[in-house]
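Chemist: Please find work_4.cif (mmCIF, C-alpha atoms and all ligand atoms; chains and numbers go by the auth columns) on the next line:
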```cif
data_coords
#
loop_
_atom_site.group_PDB
_atom_site.id
_atom_site.type_symbol
_atom_site.label_atom_id
_atom_site.label_comp_id
_atom_site.label_asym_id
_atom_site.label_seq_id
_atom_site.Cartn_x
_atom_site.Cartn_y
_atom_site.Cartn_z
_atom_site.B_iso_or_equiv
_atom_site.auth_seq_id
_atom_site.auth_asym_id
ATOM 1 C CA MET A 1 -10.897 28.270 -9.563 0.00 23 X
ATOM 2 C CA GLU A 2 -10.357 26.418 -12.837 0.00 24 X
ATOM 3 C CA ILE A 3 -7.245 24.236 -13.007 0.00 25 X
ATOM 4 C CA GLU A 4 -5.589 22.805 -16.112 0.00 26 X
ATOM 5 C CA PHE A 5 -4.815 19.593 -14.303 0.00 27 X
ATOM 6 C CA ASP A 6 -2.586 17.886 -16.836 0.00 28 X
ATOM 7 C CA ALA A 7 -0.329 20.982 -16.993 0.00 29 X
ATOM 8 C CA LEU A 8 0.492 20.800 -13.276 0.00 30 X
ATOM 9 C CA ALA A 9 3.590 19.241 -11.746 0.00 31 X
ATOM 10 C CA PRO A 10 2.917 15.832 -10.111 0.00 32 X
ATOM 11 C CA LEU A 11 3.385 17.248 -6.592 0.00 33 X
ATOM 12 C CA GLN A 12 0.796 19.978 -7.266 0.00 34 X
ATOM 13 C CA ARG A 13 -1.674 17.357 -8.547 0.00 35 X
ATOM 14 C CA TYR A 14 -0.996 15.225 -5.484 0.00 36 X
ATOM 15 C CA LYS A 15 -1.680 18.121 -3.102 0.00 37 X
ATOM 16 C CA ILE A 16 -4.996 18.954 -4.766 0.00 38 X
ATOM 17 C CA LEU A 17 -6.195 15.339 -5.036 0.00 39 X
ATOM 18 C CA ALA A 18 -5.101 14.462 -1.515 0.00 40 X
ATOM 19 C CA SER A 19 -6.756 17.459 0.081 0.00 41 X
ATOM 20 C CA LEU A 20 -10.024 17.256 -1.876 0.00 42 X
ATOM 21 C CA VAL A 21 -10.722 13.541 -2.242 0.00 43 X
ATOM 22 C CA VAL A 22 -11.463 13.112 1.450 0.00 44 X
ATOM 23 C CA PRO A 23 -12.032 11.532 3.862 0.00 45 X
ATOM 24 C CA ARG A 24 -10.004 8.520 2.783 0.00 46 X
ATOM 25 C CA PRO A 25 -10.029 5.183 4.593 0.00 47 X
ATOM 26 C CA ILE A 26 -6.679 4.112 5.967 0.00 48 X
ATOM 27 C CA ALA A 27 -5.015 0.746 5.413 0.00 49 X
ATOM 28 C CA LEU A 28 -2.319 -0.019 7.955 0.00 50 X
ATOM 29 C CA ILE A 29 -0.441 -2.609 5.925 0.00 51 X
ATOM 30 C CA CYS A 30 1.679 -5.425 7.357 0.00 52 X
ATOM 31 C CA THR A 31 4.261 -7.166 5.200 0.00 53 X
ATOM 32 C CA VAL A 32 7.260 -9.349 5.950 0.00 54 X
ATOM 33 C CA GLY A 33 10.728 -8.385 4.758 0.00 55 X
ATOM 34 C CA GLU A 34 13.474 -10.695 3.470 0.00 56 X
ATOM 35 C CA ASN A 35 14.971 -10.527 6.988 0.00 57 X
ATOM 36 C CA GLY A 36 11.703 -11.851 8.499 0.00 58 X
ATOM 37 C CA ILE A 37 10.955 -8.521 10.206 0.00 59 X
ATOM 38 C CA VAL A 38 7.317 -7.413 10.127 0.00 60 X
ATOM 39 C CA ASN A 39 6.813 -4.012 8.511 0.00 61 X
ATOM 40 C CA ALA A 40 3.744 -1.842 9.136 0.00 62 X
ATOM 41 C CA ALA A 41 2.883 1.374 7.297 0.00 63 X
ATOM 42 C CA PRO A 42 -0.309 3.396 6.707 0.00 64 X
ATOM 43 C CA PHE A 43 -1.692 4.099 3.224 0.00 65 X
ATOM 44 C CA SER A 44 -4.691 6.305 2.513 0.00 66 X
ATOM 45 C CA PHE A 45 -4.564 6.032 -1.262 0.00 67 X
ATOM 46 C CA PHE A 46 -6.539 2.894 -0.523 0.00 68 X
ATOM 47 C CA ASN A 47 -9.966 1.416 -1.010 0.00 69 X
ATOM 48 C CA ALA A 48 -12.020 -1.746 -1.495 0.00 70 X
ATOM 49 C CA LEU A 49 -13.140 -1.852 -5.105 0.00 71 X
ATOM 50 C CA GLY A 50 -14.678 -5.221 -5.855 0.00 72 X
ATOM 51 C CA GLU A 51 -16.177 -8.390 -4.434 0.00 73 X
ATOM 52 C CA ASP A 52 -15.745 -11.084 -7.105 0.00 74 X
ATOM 53 C CA PRO A 53 -12.909 -11.468 -6.424 0.00 75 X
ATOM 54 C CA ALA A 54 -12.754 -9.279 -3.300 0.00 76 X
ATOM 55 C CA ILE A 55 -10.337 -6.560 -4.365 0.00 77 X
ATOM 56 C CA VAL A 56 -8.481 -3.943 -2.334 0.00 78 X
ATOM 57 C CA ILE A 57 -6.077 -1.418 -3.831 0.00 79 X
ATOM 58 C CA PHE A 58 -3.382 0.765 -2.372 0.00 80 X
ATOM 59 C CA SER A 59 -0.906 3.031 -4.063 0.00 81 X
ATOM 60 C CA ALA A 60 2.533 3.890 -2.747 0.00 82 X
ATOM 61 C CA ASP A 61 4.783 6.657 -3.943 0.00 83 X
ATOM 62 C CA SER A 62 8.506 5.940 -4.287 0.00 84 X
ATOM 63 C CA ARG A 63 11.092 7.368 -1.936 0.00 85 X
ATOM 64 C CA ALA A 64 13.060 10.498 -2.989 0.00 86 X
ATOM 65 C CA SER A 65 15.919 8.144 -3.986 0.00 87 X
ATOM 66 C CA GLY A 66 13.578 6.414 -6.441 0.00 88 X
ATOM 67 C CA ALA A 67 13.520 3.211 -4.354 0.00 89 X
ATOM 68 C CA ALA A 68 10.184 1.537 -3.597 0.00 90 X
ATOM 69 C CA LYS A 69 8.839 1.825 -0.042 0.00 91 X
ATOM 70 C CA ASP A 70 9.371 -1.273 2.144 0.00 92 X
ATOM 71 C CA THR A 71 5.667 -2.219 1.942 0.00 93 X
ATOM 72 C CA VAL A 72 5.798 -2.410 -1.855 0.00 94 X
ATOM 73 C CA ARG A 73 9.169 -4.161 -1.919 0.00 95 X
ATOM 74 C CA ASN A 74 7.918 -6.811 0.512 0.00 96 X
ATOM 75 C CA ALA A 75 4.515 -7.240 -1.153 0.00 97 X
ATOM 76 C CA LEU A 76 6.183 -7.767 -4.541 0.00 98 X
ATOM 77 C CA ALA A 77 8.775 -10.167 -3.128 0.00 99 X
ATOM 78 C CA THR A 78 6.319 -12.305 -1.121 0.00 100 X
ATOM 79 C CA GLY A 79 2.993 -11.739 -2.937 0.00 101 X
ATOM 80 C CA GLU A 80 1.261 -11.198 0.420 0.00 102 X
ATOM 81 C CA PHE A 81 0.105 -8.381 2.686 0.00 103 X
ATOM 82 C CA VAL A 82 -2.424 -7.732 5.443 0.00 104 X
ATOM 83 C CA VAL A 83 -4.651 -4.645 5.485 0.00 105 X
ATOM 84 C CA ASN A 84 -5.560 -3.558 9.030 0.00 106 X
ATOM 85 C CA LEU A 85 -8.291 -0.937 9.285 0.00 107 X
ATOM 86 C CA VAL A 86 -7.857 1.937 11.711 0.00 108 X
ATOM 87 C CA ASP A 87 -10.256 3.177 14.379 0.00 109 X
ATOM 88 C CA GLU A 88 -9.957 6.053 16.861 0.00 110 X
ATOM 89 C CA ALA A 89 -8.367 3.807 19.497 0.00 111 X
ATOM 90 C CA ILE A 90 -5.310 3.027 17.349 0.00 112 X
ATOM 91 C CA ALA A 91 -5.079 6.306 15.402 0.00 113 X
ATOM 92 C CA GLU A 92 -2.049 7.663 17.232 0.00 114 X
ATOM 93 C CA LYS A 93 -0.067 4.401 16.915 0.00 115 X
ATOM 94 C CA MET A 94 -1.020 4.137 13.221 0.00 116 X
ATOM 95 C CA HIS A 95 0.326 7.664 12.634 0.00 117 X
ATOM 96 C CA GLY A 96 3.554 6.607 14.370 0.00 118 X
ATOM 97 C CA CYS A 97 3.962 3.739 11.884 0.00 119 X
ATOM 98 C CA ALA A 98 4.574 6.326 9.116 0.00 120 X
ATOM 99 C CA VAL A 99 7.928 7.206 10.678 0.00 121 X
ATOM 100 C CA ASP A 100 10.754 6.212 8.364 0.00 122 X
ATOM 101 C CA VAL A 101 12.630 3.380 10.070 0.00 123 X
ATOM 102 C CA PRO A 102 15.427 1.218 8.612 0.00 124 X
ATOM 103 C CA PRO A 103 14.342 -2.235 7.332 0.00 125 X
ATOM 104 C CA GLU A 104 16.027 -3.972 10.308 0.00 126 X
ATOM 105 C CA MET A 105 13.643 -2.169 12.704 0.00 127 X
ATOM 106 C CA SER A 106 9.882 -2.802 13.024 0.00 128 X
ATOM 107 C CA GLU A 107 7.392 0.061 13.303 0.00 129 X
ATOM 108 C CA ILE A 108 5.253 -2.355 15.332 0.00 130 X
ATOM 109 C CA ASP A 109 7.765 -2.426 18.191 0.00 131 X
ATOM 110 C CA LEU A 110 8.371 1.309 17.880 0.00 132 X
ATOM 111 C CA VAL A 111 4.727 2.235 18.583 0.00 133 X
ATOM 112 C CA GLY A 112 3.866 -0.724 20.838 0.00 134 X
ATOM 113 C CA PHE A 113 1.417 -2.685 18.680 0.00 135 X
ATOM 114 C CA THR A 114 1.241 -6.466 19.052 0.00 136 X
ATOM 115 C CA THR A 115 0.688 -8.937 16.225 0.00 137 X
ATOM 116 C CA THR A 116 -1.326 -12.138 15.834 0.00 138 X
ATOM 117 C CA PRO A 117 -0.552 -14.822 13.219 0.00 139 X
ATOM 118 C CA SER A 118 -2.657 -14.754 10.062 0.00 140 X
ATOM 119 C CA ARG A 119 -4.522 -17.815 8.747 0.00 141 X
ATOM 120 C CA ARG A 120 -3.618 -17.825 5.053 0.00 142 X
ATOM 121 C CA VAL A 121 -0.641 -15.496 4.608 0.00 143 X
ATOM 122 C CA ARG A 122 2.707 -15.054 6.314 0.00 144 X
ATOM 123 C CA PRO A 123 2.443 -11.409 7.409 0.00 145 X
ATOM 124 C CA PRO A 124 0.633 -11.244 10.756 0.00 146 X
ATOM 125 C CA ARG A 125 -2.221 -8.902 11.559 0.00 147 X
ATOM 126 C CA ILE A 126 -2.258 -6.142 14.152 0.00 148 X
ATOM 127 C CA ALA A 127 -4.066 -7.446 17.234 0.00 149 X
ATOM 128 C CA GLN A 128 -5.399 -3.989 18.203 0.00 150 X
ATOM 129 C CA SER A 129 -7.033 -3.398 14.802 0.00 151 X
ATOM 130 C CA PRO A 130 -10.824 -3.940 14.647 0.00 152 X
ATOM 131 C CA VAL A 131 -10.734 -5.404 11.115 0.00 153 X
ATOM 132 C CA SER A 132 -7.946 -7.095 9.164 0.00 154 X
ATOM 133 C CA PHE A 133 -7.943 -8.494 5.638 0.00 155 X
ATOM 134 C CA GLU A 134 -5.380 -11.102 4.609 0.00 156 X
ATOM 135 C CA CYS A 135 -4.483 -10.444 0.967 0.00 157 X
ATOM 136 C CA ARG A 136 -2.615 -12.055 -1.889 0.00 158 X
ATOM 137 C CA LEU A 137 -1.115 -9.693 -4.440 0.00 159 X
ATOM 138 C CA HIS A 138 -3.246 -9.938 -7.593 0.00 160 X
ATOM 139 C CA THR A 139 -1.712 -7.267 -9.852 0.00 161 X
ATOM 140 C CA HIS A 140 0.980 -4.645 -9.609 0.00 162 X
ATOM 141 C CA LEU A 141 0.978 -1.569 -11.825 0.00 163 X
ATOM 142 C CA ASP A 142 3.823 0.885 -12.145 0.00 164 X
ATOM 143 C CA PHE A 143 2.881 4.535 -12.843 0.00 165 X
ATOM 144 C CA ASN A 144 6.115 6.550 -12.946 0.00 166 X
ATOM 145 C CA THR A 145 6.928 6.944 -9.250 0.00 167 X
ATOM 146 C CA ARG A 146 3.685 5.274 -8.037 0.00 168 X
ATOM 147 C CA HIS A 147 3.159 1.608 -7.416 0.00 169 X
ATOM 148 C CA LEU A 148 -0.454 0.443 -7.493 0.00 170 X
ATOM 149 C CA CYS A 149 -0.902 -2.847 -5.671 0.00 171 X
ATOM 150 C CA ILE A 150 -4.132 -4.751 -6.159 0.00 172 X
ATOM 151 C CA GLY A 151 -4.802 -7.503 -3.637 0.00 173 X
ATOM 152 C CA GLU A 152 -7.376 -10.245 -3.326 0.00 174 X
ATOM 153 C CA VAL A 153 -8.810 -10.661 0.177 0.00 175 X
ATOM 154 C CA VAL A 154 -8.607 -14.328 1.153 0.00 176 X
ATOM 155 C CA TRP A 155 -9.475 -14.073 4.859 0.00 177 X
ATOM 156 C CA ALA A 156 -11.078 -11.467 7.116 0.00 178 X
ATOM 157 C CA HIS A 157 -10.860 -10.972 10.878 0.00 179 X
ATOM 158 C CA VAL A 158 -13.614 -8.799 12.308 0.00 180 X
ATOM 159 C CA ARG A 159 -13.702 -8.092 16.032 0.00 181 X
ATOM 160 C CA GLU A 160 -16.650 -9.826 17.714 0.00 182 X
ATOM 161 C CA GLY A 161 -19.680 -7.578 18.077 0.00 183 X
ATOM 162 C CA ILE A 162 -19.040 -5.386 15.018 0.00 184 X
ATOM 163 C CA LEU A 163 -20.981 -7.359 12.393 0.00 185 X
ATOM 164 C CA ASP A 164 -24.557 -8.562 12.703 0.00 186 X
ATOM 165 C CA PRO A 165 -24.181 -12.279 11.776 0.00 187 X
ATOM 166 C CA ALA A 166 -27.669 -12.344 10.209 0.00 188 X
ATOM 167 C CA THR A 167 -27.374 -9.304 7.931 0.00 189 X
ATOM 168 C CA LEU A 168 -23.552 -9.047 7.685 0.00 190 X
ATOM 169 C CA ARG A 169 -24.028 -5.292 8.183 0.00 191 X
ATOM 170 C CA ARG A 170 -22.130 -3.304 10.789 0.00 192 X
ATOM 171 C CA LEU A 171 -24.015 -2.893 14.055 0.00 193 X
ATOM 172 C CA PRO A 172 -24.480 0.806 14.892 0.00 194 X
ATOM 173 C CA GLY A 173 -21.970 2.275 17.311 0.00 195 X
ATOM 174 C CA THR A 174 -19.592 -0.707 17.270 0.00 196 X
ATOM 175 C CA TYR A 175 -16.887 0.541 14.935 0.00 197 X
ATOM 176 C CA ARG A 176 -15.388 4.039 14.762 0.00 198 X
ATOM 177 C CA PRO A 177 -12.941 4.155 11.821 0.00 199 X
ATOM 178 C CA ILE A 178 -11.076 7.383 11.207 0.00 200 X
ATOM 179 C CA GLY A 179 -10.548 9.031 7.827 0.00 201 X
ATOM 180 C CA ARG A 180 -7.520 10.830 6.496 0.00 202 X
ATOM 181 C CA LEU A 181 -7.913 14.409 5.367 0.00 203 X
ATOM 182 C CA TYR A 182 -4.437 15.611 4.359 0.00 204 X
ATOM 183 C CA ALA A 183 -0.961 15.754 5.912 0.00 205 X
ATOM 184 C CA ASN A 184 -1.484 15.006 9.624 0.00 206 X
ATOM 185 C CA ARG A 185 -5.217 15.849 9.662 0.00 207 X
ATOM 186 C CA TYR A 186 -7.892 13.232 10.297 0.00 208 X
ATOM 187 C CA CYS A 187 -11.618 13.037 10.930 0.00 209 X
ATOM 188 C CA THR A 188 -13.816 10.658 12.871 0.00 210 X
ATOM 189 C CA THR A 189 -16.983 8.889 11.750 0.00 211 X
ATOM 190 C CA ALA A 190 -18.894 10.014 14.835 0.00 212 X
ATOM 191 C CA ASP A 191 -21.665 11.705 12.815 0.00 213 X
ATOM 192 C CA GLU A 192 -23.792 9.389 10.683 0.00 214 X
ATOM 193 C CA PHE A 193 -26.999 10.292 8.923 0.00 215 X
ATOM 194 C CA GLU A 194 -29.555 8.460 6.805 0.00 216 X
ATOM 195 C CA LEU A 195 -31.140 9.530 3.532 0.00 217 X
ATOM 196 C CA ASP A 196 -34.447 8.474 2.059 0.00 218 X
ATOM 197 C CA ASN A 197 -35.107 8.586 -1.698 0.00 219 X
ATOM 198 C CA GLY A 198 -38.891 8.358 -1.310 0.00 220 X
ATOM 199 C CA GLY A 199 -39.494 11.976 -2.386 0.00 221 X
ATOM 200 C CA TYR A 200 -37.429 11.683 -5.583 0.00 222 X
ATOM 201 C CA ALA A 201 -38.915 8.251 -6.396 0.00 223 X
ATOM 202 C CA ALA A 202 -42.439 9.717 -6.087 0.00 224 X
ATOM 203 C CA LYS A 203 -41.432 12.698 -8.281 0.00 225 X
ATOM 204 C CA ALA A 204 -39.919 10.339 -10.926 0.00 226 X
ATOM 205 C CA ASN A 205 -43.074 8.189 -10.895 0.00 227 X
ATOM 206 C CA ALA A 206 -45.316 11.230 -11.226 0.00 228 X
ATOM 207 C CA GLN A 207 -43.260 12.629 -14.140 0.00 229 X
ATOM 208 C CA SER A 208 -43.161 9.306 -16.002 0.00 230 X
ATOM 209 C CA ALA A 209 -46.938 8.936 -15.494 0.00 231 X
ATOM 210 C CA ILE A 210 -47.442 12.404 -17.048 0.00 232 X
ATOM 211 C CA LYS A 211 -45.191 11.477 -20.050 0.00 233 X
ATOM 212 C CA LYS A 212 -47.136 8.211 -20.641 0.00 234 X
ATOM 213 C CA PHE A 213 -50.408 10.118 -20.441 0.00 235 X
HETATM 214 C C1 LIG B . -2.410 8.319 7.389 0.00 1 T
HETATM 215 C C2 LIG B . -1.287 8.153 6.417 0.00 1 T
HETATM 216 C C3 LIG B . -1.551 7.743 5.125 0.00 1 T
HETATM 217 C C4 LIG B . -0.512 7.566 4.197 0.00 1 T
HETATM 218 N N1 LIG B . -0.831 7.195 2.920 0.00 1 T
HETATM 219 C C5 LIG B . 0.152 6.970 2.036 0.00 1 T
HETATM 220 C C6 LIG B . -0.168 6.532 0.714 0.00 1 T
HETATM 221 O O1 LIG B . -1.330 6.319 0.347 0.00 1 T
HETATM 222 N N2 LIG B . 0.863 6.300 -0.139 0.00 1 T
HETATM 223 C C7 LIG B . 2.170 6.495 0.230 0.00 1 T
HETATM 224 O O2 LIG B . 3.068 6.262 -0.586 0.00 1 T
HETATM 225 N N3 LIG B . 2.499 6.891 1.483 0.00 1 T
HETATM 226 C C8 LIG B . 1.532 7.126 2.396 0.00 1 T
HETATM 227 N N4 LIG B . 1.839 7.514 3.663 0.00 1 T
HETATM 228 C C9 LIG B . 3.270 7.595 4.054 0.00 1 T
HETATM 229 C C10 LIG B . 3.829 6.193 4.389 0.00 1 T
HETATM 230 O O3 LIG B . 3.089 5.599 5.440 0.00 1 T
HETATM 231 C C11 LIG B . 5.301 6.318 4.807 0.00 1 T
HETATM 232 O O4 LIG B . 6.059 6.749 3.688 0.00 1 T
HETATM 233 C C12 LIG B . 5.901 5.048 5.401 0.00 1 T
HETATM 234 O O5 LIG B . 7.141 5.366 6.001 0.00 1 T
HETATM 235 C C13 LIG B . 6.133 3.957 4.380 0.00 1 T
HETATM 236 O O6 LIG B . 6.691 2.882 5.076 0.00 1 T
HETATM 237 P P1 LIG B . 7.388 1.621 4.419 0.00 1 T
HETATM 238 O O7 LIG B . 8.658 2.086 3.740 0.00 1 T
HETATM 239 O O8 LIG B . 7.654 0.766 5.612 0.00 1 T
HETATM 240 O O9 LIG B . 6.438 1.009 3.439 0.00 1 T
HETATM 241 C C14 LIG B . 0.833 7.770 4.597 0.00 1 T
HETATM 242 C C15 LIG B . 1.106 8.182 5.913 0.00 1 T
HETATM 243 C C16 LIG B . 0.056 8.389 6.799 0.00 1 T
HETATM 244 C C17 LIG B . 0.360 8.838 8.209 0.00 1 T
#
```
I'd like the structure from this file rewritten - as structure tokens, please.
Ligand SMILES: Cc1cc2nc3c(=O)[nH]c(=O)nc-3n(C[C@H](O)[C@H](O)[C@H](O)COP(=O)(O)O)c2cc1C
Modeler:
Amino acid sequence: MEIEFDALAPLQRYKILASLVVPRPIALICTVGENGIVNAAPFSFFNALGEDPAIVIFSADSRASGAAKDTVRNALATGEFVVNLVDEAIAEKMHGCAVDVPPEMSEIDLVGFTTTPSRRVRPPRIAQSPVSFECRLHTHLDFNTRHLCIGEVVWAHVREGILDPATLRRLPGTYRPIGRLYANRYCTTADEFELDNGGYAAKANAQSAIKKF
């Protein structure tokens, strides 16, 4: 199938991108509204894309009315948000946080999460999440109906036992994030495998030795 991508309608492009660029990590984002109520919503157009500064990005579509989603409105108004990562244990509650609730109601109460105060920003983190990143809004870009929010991570909470303090790598079997496929479909990270480039490195060495000769 060959697709003239720039001739498609935005919704068609969305469906193709969202079902093929998978699995996507999920950011369950906490923000605080003008009324002081904590908002939580999942975003899978999300990733970590830099370390100096430490950059995370999420993108939120607008509502059918054209209004920005609460997460974007709050992040722009306060300049702060918290990214909570999602494992199997909190998958079902995370999915519940996507329900459209009025700004005077918190998704956190609806699904039964609890929150813990953050260190550097006002929005709290989700206590049940294995990893949370406190972020300050760095840049906001407006693409038609999409808002791209770029945040700088200023503090990280990682549940004890997940990271090896010596290597700062994840310890095997300690963290089971889920990925988003499309619509209400998800996958686990239960199957990991390792690759070794030794064979290709040897082939490259042999070929460059032949060229030099
Ligand atoms: C797993 C998952 C991922 C989602 N990813 C996005 C996304 O990347 N961008 C987006 O605009 N909406 C996304 N949504 C939908 C929002 O979570 C939903 O519109 C939510 O009600 C927004 O809440 P808010 O108005 O409180 O910000 C996703 C929903 C789910 C369940």
Chemist: Just the residues within 12 Å of stretch 80-86 of chain X, please, counting all atoms listed in the file, with nothing from its chain fewer than 4 positions along; format it as a ChimeraX atom specification.
Modeler: /X:32-33,36,46-51,63-71,90-95,97,103-105,122,157,159-174
Chemist: What would the list of residues within 10 Å of (-5.8, -3.9, 17.4) (file frame) look like as a list in words, if only C-alpha atoms are what count?
Modeler: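 The answer, in the requested form, is Asn106, Leu107, Val108, Asp109, Ala111, Ile112, Phe135, Thr136, Thr137, Thr138, Arg147, Ile148, Ala149, Gln150, Ser151, Pro152, Val153, Ser154 and Arg181 of chain X.
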Chemist: Give the answer as one residue: which of X:Thr53, X:Gln229, X:Asn219, X:Ser140 has the shortest atom-to-atom distance to ligand LIG 1 (chain T), using all atoms listed in the file?
Modeler: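 Among the listed residues, X:Thr53 lies closest to ligand LIG 1 (chain T).
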Chemist: The centre and edge lengths of an axis-aligned box containing all atoms of ligand LIG 1 (chain T) present in the file, extended by 8 Å on each side, are to be given in Å to one decimal, as lines of an AutoDock Vina configuration file.
Modeler:
```
center_x = 3.1
center_y = 4.8
center_z = 3.8
size_x = 27.1
size_y = 24.1
size_z = 24.8
```
Chemist: Provide the atom CA of X:Ala188 to atom CA of X:Ala212 distance in Å, to one decimal place.
Modeler: 24.5 Å
Chemist: Expand the PyMOL selection byres (((chain X and resi 124-130) around 8) and not hetatm) into the explicit residue set it covers here, and present it as a VMD selection string.
Modeler: chain X and resid 55 57 59 to 63 92 118 to 119 121 to 123 131 to 136
Chemist: Between atom CA of X:Ile184 and atom CA of X:Glu214, what distance in Å does the model show, to one decimal?
Modeler: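 Computing it gives 16.1 Å between the two atoms.
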Chemist: One number please: atom C11 of ligand LIG 1 (chain T) to atom CA of X:His117, in Å, one decimal.
Modeler: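 Computing it gives 9.4 Å between the two atoms.
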Chemist: Evaluate the PyMOL selection byres (((chain X and resi 175) around 7) and not hetatm) against this structure - the residues, as an NGL selection string, please.
Modeler: :X and (76-77 or 155-158 or 173-174 or 176-177)
Chemist: Please provide as number ranges by chain all residues within 10 Å of X:Ala205, with the sequence filter that same-chain residues fewer than 4 positions apart are discarded (counting all atoms listed in the file).
Modeler: X: 37, 40-41
